[in-house]
$ cat work.txt   # compact mmCIF, C-alpha atoms
# COMPACT_ATOMS: atom_id res chain seq x y z
CA SER J 28 4.63 6.28 -14.34
CA THR J 29 6.92 6.58 -11.36
CA VAL J 30 5.35 9.86 -10.23
CA ALA J 31 1.83 8.40 -10.44
CA PHE J 32 2.91 5.39 -8.40
CA PHE J 33 4.38 7.45 -5.55
CA LEU J 34 1.35 9.78 -5.64
CA GLU J 35 -0.96 6.79 -5.26
CA VAL J 36 1.11 5.51 -2.34
CA PHE J 37 1.02 8.95 -0.71
CA LEU J 38 -2.76 9.30 -1.10
CA PHE J 39 -3.46 5.90 0.38
CA GLY J 40 -1.03 6.75 3.17
CA LEU J 41 -3.35 9.68 3.94
CA CYS J 42 -6.22 7.21 4.28
CA MET J 43 -4.25 4.87 6.53
CA GLY J 44 -3.05 7.75 8.68
CA VAL J 45 -6.51 8.30 10.16
CA VAL J 46 -6.60 4.63 11.22
CA GLU J 47 -3.06 3.89 12.36
CA LYS J 48 -2.01 7.13 14.06
CA GLY J 49 -4.27 7.01 17.11
CA LEU J 50 -7.51 8.49 15.79
CA LEU J 51 -9.17 5.07 15.83
CA PHE J 52 -8.48 4.78 19.56
CA LEU J 53 -9.90 8.25 20.21
CA PHE J 54 -13.00 7.20 18.33
CA LEU J 55 -13.34 3.98 20.30
CA ILE J 56 -12.82 5.61 23.70
CA ASN J 57 -14.67 8.92 23.22
CA ASP J 58 -17.48 7.94 20.87
CA LEU J 59 -18.03 4.26 21.65
CA LYS J 60 -17.01 4.28 25.34
CA ALA J 61 -14.54 1.43 24.82
CA SER J 62 -11.92 0.51 27.39
CA THR J 63 -8.19 0.88 26.90
CA THR J 64 -7.97 -2.91 27.26
CA LEU J 65 -10.15 -3.30 24.18
CA CYS J 66 -7.94 -0.85 22.28
CA GLY J 67 -4.87 -2.90 23.14
CA ALA J 68 -6.60 -6.11 22.07
CA VAL J 69 -7.51 -4.47 18.74
CA VAL J 70 -3.81 -3.93 18.02
CA GLY J 71 -3.14 -7.59 18.73
CA VAL J 72 -5.80 -8.62 16.21
CA THR J 73 -4.38 -6.41 13.48
CA VAL J 74 -0.89 -7.84 13.93
CA LEU J 75 -2.15 -11.42 14.16
CA PHE J 76 -3.90 -11.26 10.80
CA GLU J 77 -1.07 -9.58 8.90
CA LEU J 78 1.57 -12.14 9.90
CA PRO J 79 0.35 -15.00 7.65
CA VAL J 80 0.06 -12.61 4.70
CA PHE J 81 3.68 -11.55 5.08
CA HIS J 82 4.77 -15.15 5.61
CA TYR J 83 3.15 -16.25 2.34
CA SER J 84 3.76 -12.96 0.58
CA GLN J 85 5.12 -14.42 -2.65
CA GLN J 86 2.24 -16.88 -2.98
CA VAL J 87 -0.28 -14.11 -2.27
CA LEU J 88 1.29 -11.82 -4.86
CA ASN J 89 1.44 -14.60 -7.46
CA PHE J 90 -2.23 -15.40 -6.88
CA LEU J 91 -3.61 -11.86 -6.88
CA GLY J 92 -1.14 -10.12 -9.16
CA HIS J 93 0.04 -6.57 -8.55
CA ASN J 94 -3.18 -4.81 -9.57
CA GLY J 95 -5.35 -7.40 -7.88
CA ALA J 96 -3.43 -6.97 -4.63
CA LEU J 97 -3.79 -3.19 -4.68
CA CYS J 98 -7.49 -3.31 -5.53
CA SER J 99 -8.08 -5.90 -2.80
CA SER J 100 -6.33 -3.67 -0.29
CA TYR J 101 -8.32 -0.58 -1.27
CA ALA J 102 -11.63 -2.47 -1.22
CA SER J 103 -10.79 -3.97 2.16
CA TYR J 104 -10.02 -0.53 3.54
CA ILE J 105 -13.34 0.84 2.29
CA ILE J 106 -15.31 -1.98 3.94
CA ARG J 107 -13.28 -1.75 7.13
CA VAL J 108 -13.51 2.01 7.63
CA TYR J 109 -17.12 2.33 6.53
CA GLY J 110 -17.85 -0.35 9.12
CA TYR J 111 -16.52 2.01 11.79
CA THR J 112 -19.36 4.41 11.05
CA LEU J 113 -21.93 1.68 11.79
CA LEU J 114 -20.60 0.86 15.25
CA THR J 115 -22.38 1.93 18.41
CA PRO J 116 -21.43 1.58 22.10
CA SER J 117 -23.50 -1.61 22.24
CA THR J 118 -21.85 -3.11 19.15
CA VAL J 119 -18.31 -1.88 19.74
CA HIS J 120 -16.93 -5.43 19.96
CA TRP J 121 -17.57 -5.85 16.24
CA ILE J 122 -14.41 -3.78 15.85
CA PHE J 123 -12.48 -7.05 16.12
CA ALA J 124 -14.16 -8.43 13.00
CA LEU J 125 -13.37 -5.24 11.10
CA GLU J 126 -9.74 -5.23 12.23
CA MET J 127 -9.26 -8.74 10.87
CA LEU J 128 -9.26 -7.01 7.48
CA HIS J 129 -5.96 -5.34 8.39
CA GLY J 130 -4.13 -8.32 6.93
CA VAL J 131 -5.54 -7.43 3.53
CA THR J 132 -5.64 -3.66 4.00
CA PHE J 133 -1.99 -3.24 4.96
CA ALA J 134 -0.03 -6.46 4.48
CA VAL J 135 -1.27 -7.15 0.94
CA LEU J 136 -0.78 -3.48 0.07
CA TRP J 137 2.79 -3.45 1.36
CA ILE J 138 4.00 -6.53 -0.48
CA ALA J 139 2.45 -5.16 -3.68
CA ILE J 140 3.96 -1.68 -3.50
CA VAL J 141 7.38 -2.93 -2.42
CA GLU J 142 7.43 -5.25 -5.43
CA GLU J 143 6.21 -2.51 -7.76
CA CYS J 144 8.84 -0.13 -6.38
CA ARG J 145 11.50 -2.75 -7.07
CA ARG J 146 10.22 -3.19 -10.62
CA ILE J 147 10.33 0.50 -11.54
CA THR J 148 13.63 1.26 -9.79
CA PRO J 149 16.49 2.17 -12.15
CA HIS J 150 19.62 0.11 -11.76
CA GLY J 151 21.66 1.30 -8.78
CA TRP J 152 18.82 3.28 -7.16
CA SER J 153 17.27 0.50 -5.07
CA SER J 154 17.92 1.95 -1.60
CA THR J 155 16.90 5.46 -2.67
CA PHE J 156 13.59 4.34 -4.17
CA GLN J 157 12.72 2.17 -1.17
CA SER J 158 13.40 5.21 1.02
CA PHE J 159 11.09 7.28 -1.20
CA LEU J 160 8.45 4.58 -0.79
CA SER J 161 8.61 4.60 3.01
CA ALA J 162 8.66 8.39 3.14
CA SER J 163 5.70 8.71 0.76
CA TYR J 164 3.59 6.25 2.71
CA TYR J 165 4.61 6.76 6.33
CA SER J 166 6.20 10.18 6.79
CA PHE J 167 4.19 12.29 4.35
CA GLY J 168 1.10 10.16 3.80
CA GLN J 169 0.24 8.90 7.27
CA GLY J 170 1.68 11.96 8.96
CA LEU J 171 -0.46 14.41 6.98
CA GLY J 172 -3.42 12.05 7.14
CA ALA J 173 -3.34 12.09 10.93
CA ILE J 174 -3.19 15.89 10.99
CA VAL J 175 -6.01 16.42 8.49
CA GLY J 176 -8.06 13.64 10.03
CA GLY J 177 -7.66 15.16 13.48
CA VAL J 178 -8.89 18.53 12.25
CA ILE J 179 -11.93 16.95 10.58
CA MET J 180 -12.67 14.88 13.68
CA GLN J 181 -12.53 17.92 15.95
CA LYS J 182 -14.64 20.19 13.74
CA PHE J 183 -17.12 17.79 12.10
CA GLY J 184 -17.02 14.59 14.12
CA SER J 185 -15.60 11.10 13.75
CA VAL J 186 -18.19 9.79 11.30
CA THR J 187 -17.44 12.60 8.84
CA MET J 188 -13.73 11.87 9.13
CA TRP J 189 -14.25 8.16 8.40
CA ARG J 190 -16.55 8.87 5.46
CA SER J 191 -14.06 11.35 4.03
CA ALA J 192 -11.34 8.69 4.20
CA VAL J 193 -13.66 6.17 2.53
CA ALA J 194 -14.40 8.66 -0.25
CA LEU J 195 -10.70 9.20 -0.93
CA ALA J 196 -9.97 5.46 -0.88
CA THR J 197 -12.86 4.91 -3.32
CA LEU J 198 -11.36 7.47 -5.71
CA ILE J 199 -7.99 5.70 -5.49
CA LEU J 200 -9.63 2.34 -6.21
CA LEU J 201 -11.59 3.70 -9.18
CA SER J 202 -8.44 5.34 -10.52
CA ARG J 203 -6.54 2.05 -10.30
CA LEU J 204 -9.38 0.15 -12.01
CA ALA J 205 -9.54 2.77 -14.77
CA THR J 206 -5.78 2.56 -15.30
CA VAL J 207 -5.89 -1.23 -15.53
CA THR J 208 -8.79 -1.10 -17.99
CA VAL J 209 -7.13 1.46 -20.25
CA THR J 210 -3.84 -0.42 -20.17
CA ARG J 211 -5.53 -3.65 -21.22
CA LEU J 212 -7.54 -1.99 -23.99
CA CYS J 213 -4.59 0.08 -25.23
CA PRO J 214 -1.42 -1.81 -24.20
CA GLY J 215 0.77 0.57 -26.20
CA LEU J 216 -0.01 3.39 -23.77
CA SER J 217 1.78 1.65 -20.89
CA GLY J 218 5.13 1.91 -22.67
CA PRO J 219 8.03 -0.49 -22.33
CA PRO J 220 8.70 -1.98 -18.87
CA THR J 221 11.23 -0.22 -16.72
CA GLY J 222 13.30 -1.11 -13.71
CA THR J 223 16.27 -3.16 -12.66
CA GLY J 224 15.34 -6.17 -14.76
CA THR J 225 15.05 -4.09 -17.90
CA ALA J 226 18.27 -2.27 -17.20
CA LEU J 227 20.13 -5.56 -16.96
CA SER J 228 18.53 -6.90 -20.12
CA SER J 229 19.38 -3.87 -22.22
CA CYS J 230 22.84 -3.82 -20.71
CA ASP J 231 23.36 -7.46 -21.63
CA SER J 232 22.23 -6.89 -25.21
CA GLU J 233 24.52 -3.92 -25.67
CA ALA J 234 27.60 -5.44 -24.07
CA ARG J 235 27.25 -9.04 -25.28
CA PRO J 236 30.26 -9.73 -27.55
CA ARG J 237 29.65 -10.97 -31.05
CA PRO J 238 30.91 -14.40 -32.09
CA GLY J 239 34.67 -14.29 -32.22
CA GLY J 240 34.82 -11.31 -29.88
CA THR J 241 37.78 -10.53 -27.68
CA ALA J 242 38.34 -11.24 -24.02
CA SER J 243 37.79 -7.57 -23.29
CA GLY J 244 34.28 -7.86 -24.69
CA GLN J 245 33.60 -10.73 -22.32
CA PHE J 246 34.89 -8.66 -19.43
CA GLN J 247 32.41 -5.90 -20.30
CA VAL J 248 29.50 -8.32 -19.88
CA VAL J 249 30.71 -9.38 -16.41
CA ALA J 250 31.20 -5.79 -15.33
CA CYS J 251 27.77 -4.87 -16.64
CA ARG J 252 26.06 -7.63 -14.71
CA ARG J 253 27.49 -6.58 -11.36
$ encode --input "work.txt" --output "structure tokens"
Amino acid sequence: STVAFFLEVFLFGLCMGVVEKGLLFLFLINDLKASTTLCGAVVGVTVLFELPVFHYSQQVLNFLGHNGALCSSYASYIIRVYGYTLLTPSTVHWIFALEMLHGVTFAVLWIAIVEECRRITPHGWSSTFQSFLSASYYSFGQGLGAIVGGVIMQKFGSVTMWRSAVALATLILLSRLATVTVTRLCPGLSGPPTGTGTALSSCDSEARPRPGGTASGQFQVVACRR
């Protein structure tokens, strides 16, 4: 459902908030004694590996499918963030290998949820739903994730914060896998498809004039397609 989709986006935004809102840099500098130069280079690696995914976004989405893309993103996040907990000051440079997964963690996620948001959007609500998507992920998800993550980091330490984020991401992944499994076993539970494409199809079927119809009937089809 639409509510479940935005809730999933929000929850994973919580997970990403502890990574992308500065807490990773605090961990690197305070816990692993990394330099600020290394932190800057880490950002460059994350951007470098998300660019090809966005460039070939349609091909990636066609290959993985919507559910495959989301599950790949969640699994990549789990591996990436759990890897943080294994780092030490002497192995801090392995952070570059972990951050290469950002292309899957974020870029694959984003193309999948934007496409899913487009699919479930009622006709005429495209801008509103895309705004809901950004707000759910960035404003509420990552914003609250950074706050909660900061509290956990201060009171219980960085490793506990990372493991808590991994636990939440694992629950999201298992929930997605369970949903896919149930949908495939009981396809009737998923209900009819919704979204802009469906709205246009039903609109066409209702407004299509019968053979021998009038010009006004033809005009209704054109107006409905706009």
$ closest_atom_pairs --input "work.txt" --of "stretch 33-111 of chain J" --to "stretch 148-159 of chain J" --cutoff "12 Å" --atoms "only C-alpha atoms" --output "CSV"
residue,atom,partner,partner_atom,distance
J:Phe33,CA,J:Phe159,CA,8.0
J:Leu34,CA,J:Phe159,CA,11.0
J:Val36,CA,J:Phe159,CA,10.2
J:Phe37,CA,J:Phe159,CA,10.2
$ write_last_selection --input "work.txt" --atoms "C-alpha atoms" --output "mmCIF file, in the coordinates of the input"
data_model
loop_
_atom_site.group_PDB
_atom_site.id
_atom_site.type_symbol
_atom_site.label_atom_id
_atom_site.label_comp_id
_atom_site.auth_asym_id
_atom_site.auth_seq_id
_atom_site.Cartn_x
_atom_site.Cartn_y
_atom_site.Cartn_z
ATOM 1 C CA PHE J 33 4.380 7.450 -5.550
ATOM 2 C CA LEU J 34 1.350 9.780 -5.640
ATOM 3 C CA VAL J 36 1.110 5.510 -2.340
ATOM 4 C CA PHE J 37 1.020 8.950 -0.710
#
$ atom_distance --input "work.txt" --atom1 "atom CA of J:Asp58" --atom2 "atom CA of J:Gly130"
25.2 Å
$ atom_distance --input "work.txt" --atom1 "atom CA of J:Ala194" --atom2 "atom CA of J:Tyr104"
10.9 Å
$ atom_distance --input "work.txt" --atom1 "atom CA of J:Asn57" --atom2 "atom CA of J:Leu114"
12.8 Å
$ residues_around --input "work.txt" --residues "J:Thr206" --least-positions-apart "2" --cutoff "12 Å" --atoms "all atoms listed in the file" --output "list of chain:residue names"
J:Ser28, J:Ala31, J:Phe32, J:Glu35, J:Asn94, J:Cys98, J:Ile199, J:Leu200, J:Leu201, J:Ser202, J:Arg203, J:Leu204, J:Thr208, J:Val209, J:Thr210, J:Arg211, J:Leu212, J:Cys213, J:Pro214, J:Leu216, J:Ser217
$ closest_residue --input "work.txt" --among "J:Leu78, J:Ile105, J:Val141, J:Ile122" --to "J:Cys66" --atoms "only C-alpha atoms"
J:Ile122
$ residues_around --input "work.txt" --residues "J:Ile56" --least-positions-apart "2" --cutoff "12 Å" --atoms "all atoms listed in the file" --output "list in words"
Gly49, Leu50, Leu51, Phe52, Leu53, Phe54, Asp58, Leu59, Lys60, Ala61, Ser62, Thr63, Thr64, Leu65, Cys66, Gly67, Thr115, Pro116, Val119 and Ser185 of chain J
$ residues_near_point --input "work.txt" --point "(-3.9, 12.9, 9.1)" --cutoff "12 Å" --atoms "all atoms listed in the file" --output "PyMOL selection string"
chain J and resi 37-51+164-180+188-189+191-192
$ closest_residue --input "work.txt" --among "J:Leu160, J:Ala139, J:Leu125, J:Val30" --to "J:Gln86" --atoms "all atoms listed in the file"
J:Ala139
$ closest_residue --input "work.txt" --among "J:Leu97, J:Ala102, J:Val70, J:Val108" --to "J:Thr187" --atoms "only C-alpha atoms"
J:Val108
$ residues_around --input "work.txt" --residues "J:Leu136" --least-positions-apart "3" --cutoff "7 Å" --atoms "all atoms listed in the file" --output "VMD selection string"
chain J and resid 96 to 97 100 132 to 133 139 to 140
$ decode --input "work.txt" --residues "stretch 53-64 of chain J" --atoms "all heavy atoms" --output "PDB file, in the first residue's frame"
ATOM      1  N   LEU J  53      32.495  11.633  12.539  1.00  0.00           N
ATOM      2  CA  LEU J  53      32.836  11.642  13.963  1.00  0.00           C
ATOM      3  C   LEU J  53      33.444  10.312  14.379  1.00  0.00           C
ATOM      4  O   LEU J  53      34.415  10.269  15.156  1.00  0.00           O
ATOM      5  CB  LEU J  53      31.582  11.930  14.798  1.00  0.00           C
ATOM      6  CG  LEU J  53      30.985  13.331  14.693  1.00  0.00           C
ATOM      7  CD1 LEU J  53      29.709  13.434  15.531  1.00  0.00           C
ATOM      8  CD2 LEU J  53      32.000  14.383  15.153  1.00  0.00           C
ATOM      9  N   PHE J  54      32.889   9.243  13.843  1.00  0.00           N
ATOM     10  CA  PHE J  54      33.410   7.910  14.142  1.00  0.00           C
ATOM     11  C   PHE J  54      34.837   7.752  13.617  1.00  0.00           C
ATOM     12  O   PHE J  54      35.731   7.249  14.318  1.00  0.00           O
ATOM     13  CB  PHE J  54      32.485   6.868  13.518  1.00  0.00           C
ATOM     14  CG  PHE J  54      33.028   5.468  13.511  1.00  0.00           C
ATOM     15  CD1 PHE J  54      33.233   4.784  14.706  1.00  0.00           C
ATOM     16  CD2 PHE J  54      33.327   4.827  12.314  1.00  0.00           C
ATOM     17  CE1 PHE J  54      33.730   3.480  14.709  1.00  0.00           C
ATOM     18  CE2 PHE J  54      33.817   3.530  12.305  1.00  0.00           C
ATOM     19  CZ  PHE J  54      34.030   2.854  13.503  1.00  0.00           C
ATOM     20  N   LEU J  55      35.061   8.200  12.395  1.00  0.00           N
ATOM     21  CA  LEU J  55      36.385   8.064  11.796  1.00  0.00           C
ATOM     22  C   LEU J  55      37.431   8.891  12.550  1.00  0.00           C
ATOM     23  O   LEU J  55      38.547   8.422  12.822  1.00  0.00           O
ATOM     24  CB  LEU J  55      36.341   8.495  10.329  1.00  0.00           C
ATOM     25  CG  LEU J  55      35.555   7.590   9.368  1.00  0.00           C
ATOM     26  CD1 LEU J  55      35.491   8.227   7.980  1.00  0.00           C
ATOM     27  CD2 LEU J  55      36.190   6.207   9.280  1.00  0.00           C
ATOM     28  N   ILE J  56      37.078  10.115  12.900  1.00  0.00           N
ATOM     29  CA  ILE J  56      38.043  11.011  13.543  1.00  0.00           C
ATOM     30  C   ILE J  56      38.244  10.657  15.014  1.00  0.00           C
ATOM     31  O   ILE J  56      39.384  10.567  15.495  1.00  0.00           O
ATOM     32  CB  ILE J  56      37.580  12.470  13.399  1.00  0.00           C
ATOM     33  CG1 ILE J  56      37.630  12.901  11.929  1.00  0.00           C
ATOM     34  CG2 ILE J  56      38.441  13.402  14.257  1.00  0.00           C
ATOM     35  CD1 ILE J  56      37.035  14.260  11.664  1.00  0.00           C
ATOM     36  N   ASN J  57      37.163  10.443  15.757  1.00  0.00           N
ATOM     37  CA  ASN J  57      37.275  10.218  17.202  1.00  0.00           C
ATOM     38  C   ASN J  57      37.668   8.793  17.563  1.00  0.00           C
ATOM     39  O   ASN J  57      38.486   8.576  18.462  1.00  0.00           O
ATOM     40  CB  ASN J  57      35.952  10.567  17.889  1.00  0.00           C
ATOM     41  CG  ASN J  57      35.601  12.035  17.762  1.00  0.00           C
ATOM     42  OD1 ASN J  57      36.485  12.885  17.602  1.00  0.00           O
ATOM     43  ND2 ASN J  57      34.322  12.354  17.817  1.00  0.00           N
ATOM     44  N   ASP J  58      37.087   7.834  16.878  1.00  0.00           N
ATOM     45  CA  ASP J  58      37.323   6.431  17.235  1.00  0.00           C
ATOM     46  C   ASP J  58      38.506   5.824  16.483  1.00  0.00           C
ATOM     47  O   ASP J  58      39.252   5.006  17.037  1.00  0.00           O
ATOM     48  CB  ASP J  58      36.083   5.587  16.978  1.00  0.00           C
ATOM     49  CG  ASP J  58      34.928   5.922  17.893  1.00  0.00           C
ATOM     50  OD1 ASP J  58      34.790   7.103  18.254  1.00  0.00           O
ATOM     51  OD2 ASP J  58      34.162   5.011  18.250  1.00  0.00           O
ATOM     52  N   LEU J  59      38.660   6.186  15.218  1.00  0.00           N
ATOM     53  CA  LEU J  59      39.685   5.554  14.392  1.00  0.00           C
ATOM     54  C   LEU J  59      40.868   6.467  14.107  1.00  0.00           C
ATOM     55  O   LEU J  59      41.774   6.080  13.362  1.00  0.00           O
ATOM     56  CB  LEU J  59      39.060   5.081  13.069  1.00  0.00           C
ATOM     57  CG  LEU J  59      37.887   4.106  13.210  1.00  0.00           C
ATOM     58  CD1 LEU J  59      37.399   3.656  11.831  1.00  0.00           C
ATOM     59  CD2 LEU J  59      38.269   2.901  14.055  1.00  0.00           C
ATOM     60  N   LYS J  60      40.839   7.685  14.663  1.00  0.00           N
ATOM     61  CA  LYS J  60      41.961   8.631  14.549  1.00  0.00           C
ATOM     62  C   LYS J  60      42.295   8.967  13.088  1.00  0.00           C
ATOM     63  O   LYS J  60      43.457   9.159  12.720  1.00  0.00           O
ATOM     64  CB  LYS J  60      43.219   8.074  15.234  1.00  0.00           C
ATOM     65  CG  LYS J  60      42.987   7.547  16.641  1.00  0.00           C
ATOM     66  CD  LYS J  60      42.309   8.578  17.529  1.00  0.00           C
ATOM     67  CE  LYS J  60      42.040   7.995  18.931  1.00  0.00           C
ATOM     68  NZ  LYS J  60      41.257   8.938  19.782  1.00  0.00           N
ATOM     69  N   ALA J  61      41.262   9.036  12.250  1.00  0.00           N
ATOM     70  CA  ALA J  61      41.468   9.363  10.841  1.00  0.00           C
ATOM     71  C   ALA J  61      41.653  10.861  10.675  1.00  0.00           C
ATOM     72  O   ALA J  61      41.257  11.664  11.533  1.00  0.00           O
ATOM     73  CB  ALA J  61      40.278   8.891  10.018  1.00  0.00           C
ATOM     74  N   SER J  62      42.242  11.248   9.562  1.00  0.00           N
ATOM     75  CA  SER J  62      42.447  12.661   9.266  1.00  0.00           C
ATOM     76  C   SER J  62      41.234  13.232   8.552  1.00  0.00           C
ATOM     77  O   SER J  62      40.420  12.496   7.982  1.00  0.00           O
ATOM     78  CB  SER J  62      43.688  12.834   8.387  1.00  0.00           C
ATOM     79  OG  SER J  62      43.474  12.235   7.112  1.00  0.00           O
ATOM     80  N   THR J  63      41.124  14.537   8.548  1.00  0.00           N
ATOM     81  CA  THR J  63      40.033  15.180   7.814  1.00  0.00           C
ATOM     82  C   THR J  63      40.217  14.999   6.314  1.00  0.00           C
ATOM     83  O   THR J  63      39.237  14.980   5.563  1.00  0.00           O
ATOM     84  CB  THR J  63      39.971  16.675   8.148  1.00  0.00           C
ATOM     85  OG1 THR J  63      41.256  17.279   7.925  1.00  0.00           O
ATOM     86  CG2 THR J  63      39.561  16.888   9.604  1.00  0.00           C
ATOM     87  N   THR J  64      41.470  14.836   5.879  1.00  0.00           N
ATOM     88  CA  THR J  64      41.727  14.570   4.462  1.00  0.00           C
ATOM     89  C   THR J  64      41.110  13.239   4.042  1.00  0.00           C
ATOM     90  O   THR J  64      40.506  13.126   2.968  1.00  0.00           O
ATOM     91  CB  THR J  64      43.239  14.546   4.183  1.00  0.00           C
ATOM     92  OG1 THR J  64      43.812  15.799   4.551  1.00  0.00           O
ATOM     93  CG2 THR J  64      43.521  14.274   2.717  1.00  0.00           C
TER      94      THR J  64
END
